[in-house]
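Notes for the one structure printed next.
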Amino acid sequence: MSEIQIELTSIDKHYGTFHALKNVSLRIEKGSFVALVGPSGCGKSTLLRSLAGLEGISGGTIKIAGEVINNVPPRKRDVAMVFQSYALYPHMTVAENLTYSLRIKRVKKDVARKAAEEIAATTGLTGLLDRYPRELSGGQRQRVAMGRAIIRHPKAFLFDEPLSNLDAALRVQMRKEIRSLHDRLGATSVYVTHDQIEAMTMADYVVVMRDGVIEQQGRPLELYDTPTSKFVAGFIGSPAMNFVSGTIAASGSDVVLDLPDSPELALGRQLGMNRAVLVGLRPEHLSVVPLDQARIRLPVAVVESTGSMTYVTTATTPELTIVETGRTVVGAGDMVGVRIEPAHIYLFDEETELAL
Ligand code: ATP
């Protein structure tokens, strides 16, 4: 088994009477890239800040490289944090920002400059070492923030929404840069984001948090393929999964949807009789088909085209989103045939919202 670099055991965090982290346990392998993802307020930043020592914990144990560090101050934890706000020193040049930690350790000037040049080459900052942060673009500032972390050779990199201030195109580019830096350095990285696409594309392992607990953890496609709850099913995947009420028909293996004129759908698995369920249908597993070939016919409310994809939203309650590759000829107000891929039907218990 691979070496565990970070081990969180039964972490609790209270802010006064508010219970922000509830018995959270997580093991992170050395060399892995782990994303903590979840909606605003779920506790992901609190967990990262607890790991960095910026936040005290109320209970539990934090180990880094096998050593309990609960009472070790942030500076001595040997982790490097990269923030959304970059947190660069405005009055220092790029080189001075990069080598700040070396200069504190009184490393000689020429050694520090050489280290700055090496880091600049690694992070794409060559030629910018004598500029001030205000003379850099957002992406370049974020690279300085990363370079400053790399130069310390930390036991782990902790990223707190580092790309949130960048525009969409730059975010996609920086996503790849951060991941490839992680690979080249053989680093261990923990990355907080509210953006599930960022988590899915960058991480080896994704931890989905909700209300201070870990709802599910696994490899990105495991979470997409086999979500254990409606929450994870709805959070992972874009556009989000559609949910429709349904019942398992008396035959015991067919689902009847609560959509107008909706047919029975053969499930091919036994789930007991006459049971109310929530049916999860991913937009990409639905398709628009000619009316005369369809068992489900639904009115269209909105059609949105991005060129490569078309998003069709139905005028039903609840509405369904259908993703079509390429273009379609359907428009708002049309009736369309809808096909559901039977192999891709997700079922959740109506009450517990857990996967069946
Ligand atoms: P976001 O994406 O919005 O940053 P998050 O998942 O990172 O969300 P946290 O910042 O970890 O959320 O906060 C978790 C919960 O703890 C929130 O409900 C927040 O209001 C609360 N919280 C955070 N810091 C404090 C504090 N210093 N005092 C009281 N409550 C706090």
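Scheme for the structure tokens: letters A, B, ... for chains in order shown; per-chain residue numbers from 1; ligand numbers from 1 in order shown.
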Discussion item. According to DSSP computed on the backbone, where in range 58-269 of chain A is there alpha helix (DSSP H)? Give the residues as JSON, numbers by chain.
Written reply: {"A": [94, 95, 96, 97, 98, 100, 101, 102, 103, 104, 109, 110, 111, 112, 113, 114, 115, 116, 117, 118, 119, 120, 121, 122, 123, 138, 139, 140, 141, 142, 143, 144, 145, 146, 147, 148, 149, 150, 168, 169, 170, 171, 172, 173, 174, 175, 176, 177, 178, 179, 180, 181, 182, 183, 184, 185, 196, 197, 198, 199, 200, 201, 202, 220, 221, 222, 223, 224, 225, 230, 231, 232, 233, 234, 235]}
Discussion item. What residues of the protein or nucleic acid chains come within 6 Å of ligand 1 when you use only C-alpha atoms and all ligand atoms? Reply as a VMD selection string.
Written reply: chain A and resid 15 20 40 to 46 194
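Between CA of Leu267 in chain A and CA of Phe243 in chain A lies a distance of 16.4 Å.
Nearest to Ile214 in chain A of all the residues A:Thr122, A:Leu278, A:Gly59, A:Thr228 is A:Thr228, counting only C-alpha atoms.
Comparing A:Gly138, A:Gly333, A:Gly56, A:Gly280 by their smallest distance to Val312 in chain A, the closest is A:Gly333 (using only C-alpha atoms).
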Discussion item. As a list of chain:residue names, please: the residues near Glu29 in chain A (cut-off 7 Å, only C-alpha atoms, same-chain neighbours under 2 positions excluded).
Written reply: A:Ser2, A:Glu3, A:Ile4, A:Gln5, A:Ile6, A:Arg27, A:Gly31, A:Ser32
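Among the candidates A:Ala121, A:Ile150, A:Val37, A:Leu48, the residue lying nearest to Ala80 in chain A is A:Ile150 (atoms considered: only C-alpha atoms).
Our summary of the geometry notes that CA of Lys30 in chain A is positioned 10.6 Å from CA of Glu7 in chain A.
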Worksheet, complete the sentence: Expressed in Å, the length from CA of Gln217 in chain A to CA of Val255 in chain A is 28.7 Å
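Ranking A:Lys105, A:Lys13, A:Arg141, A:Arg184 by their shortest atom-to-atom distance to Tyr89 in chain A, with only C-alpha atoms included, puts A:Arg141 first.
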Practice prompt. Do a neighbour search on range 314-328 of chain A at 6 Å with only C-alpha atoms, toss out local chain neighbours closer than 6 positions, and write the hits as a PyMOL selection string.
Written response: chain A and resi 242+283-284+286+299-301+308
Worksheet entry | A:Arg275, A:Lys155, A:His344, A:Lys114 ranked by distance to Val190 in chain A, top pick (using only C-alpha atoms) | A:Lys155
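Taking only C-alpha atoms into account, Gly331 in chain A lies nearest to A:Ser305 out of the set A:Met202, A:Gly147, A:Ser305, A:Asp349.
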Worksheet item: Would you give me, as an MDAnalysis selection string, the residues in range 142-347 of chain A that DSSP reads as strand (DSSP E or B)?
Response: chainID A and resid 156:160 189:193 205:210 213:218 229 242:248 254:257 264:266 276:281 286:289 296:305 309:314 321:325 335:340 345:347
Worksheet item: Any idea what's packed within 9 Å of Leu257 in chain A, counting only C-alpha atoms, ignoring anything in its chain fewer than 4 positions away? Could you give it as JSON, numbers by chain?
Response: {"A": [244, 245, 246, 247, 248, 261, 262, 263, 264, 265, 279]}
Report the closest atom pair, with its distance in Å rounded to one decimal, for each residue of range 34-56 of chain A that has an atom no farther than 7 Å from range 61-75 of chain A; count only C-alpha atoms, sort by chain and then rising residue number, and write it as a tab-separated table.
```
residue	atom	partner	partner_atom	distance
A:Ala52	CA	A:Pro74	CA	5.8
A:Gly53	CA	A:Pro74	CA	4.6
A:Leu54	CA	A:Pro74	CA	6.4
```
Selected residues written out with all heavy atoms, as a PDB file, in the first residue's frame:
```
ATOM      1  N   ALA A  52      -3.408  23.369   7.883  1.00  0.00           N
ATOM      2  CA  ALA A  52      -2.302  24.334   7.832  1.00  0.00           C
ATOM      3  C   ALA A  52      -1.961  24.881   9.212  1.00  0.00           C
ATOM      4  O   ALA A  52      -0.906  25.482   9.397  1.00  0.00           O
ATOM      5  CB  ALA A  52      -2.682  25.484   6.907  1.00  0.00           C
ATOM      6  N   GLY A  53      -2.871  24.702  10.167  1.00  0.00           N
ATOM      7  CA  GLY A  53      -2.633  25.239  11.507  1.00  0.00           C
ATOM      8  C   GLY A  53      -3.139  26.666  11.666  1.00  0.00           C
ATOM      9  O   GLY A  53      -2.900  27.315  12.684  1.00  0.00           O
ATOM     10  N   LEU A  54      -3.848  27.173  10.675  1.00  0.00           N
ATOM     11  CA  LEU A  54      -4.371  28.534  10.760  1.00  0.00           C
ATOM     12  C   LEU A  54      -5.644  28.562  11.604  1.00  0.00           C
ATOM     13  O   LEU A  54      -6.136  29.616  11.985  1.00  0.00           O
ATOM     14  CB  LEU A  54      -4.687  29.079   9.359  1.00  0.00           C
ATOM     15  CG  LEU A  54      -3.500  29.101   8.395  1.00  0.00           C
ATOM     16  CD1 LEU A  54      -3.929  29.506   6.998  1.00  0.00           C
ATOM     17  CD2 LEU A  54      -2.418  30.053   8.927  1.00  0.00           C
TER      18      LEU A  54
END
```
Item to complete: Find the residues near Leu181 in chain A: any atom within 10 Å, counting only C-alpha atoms, skip ones fewer than 3 places away on the same chain, and give them as a PyMOL selection string.
Response: chain A and resi 122-123+146+150+176-178+184-187
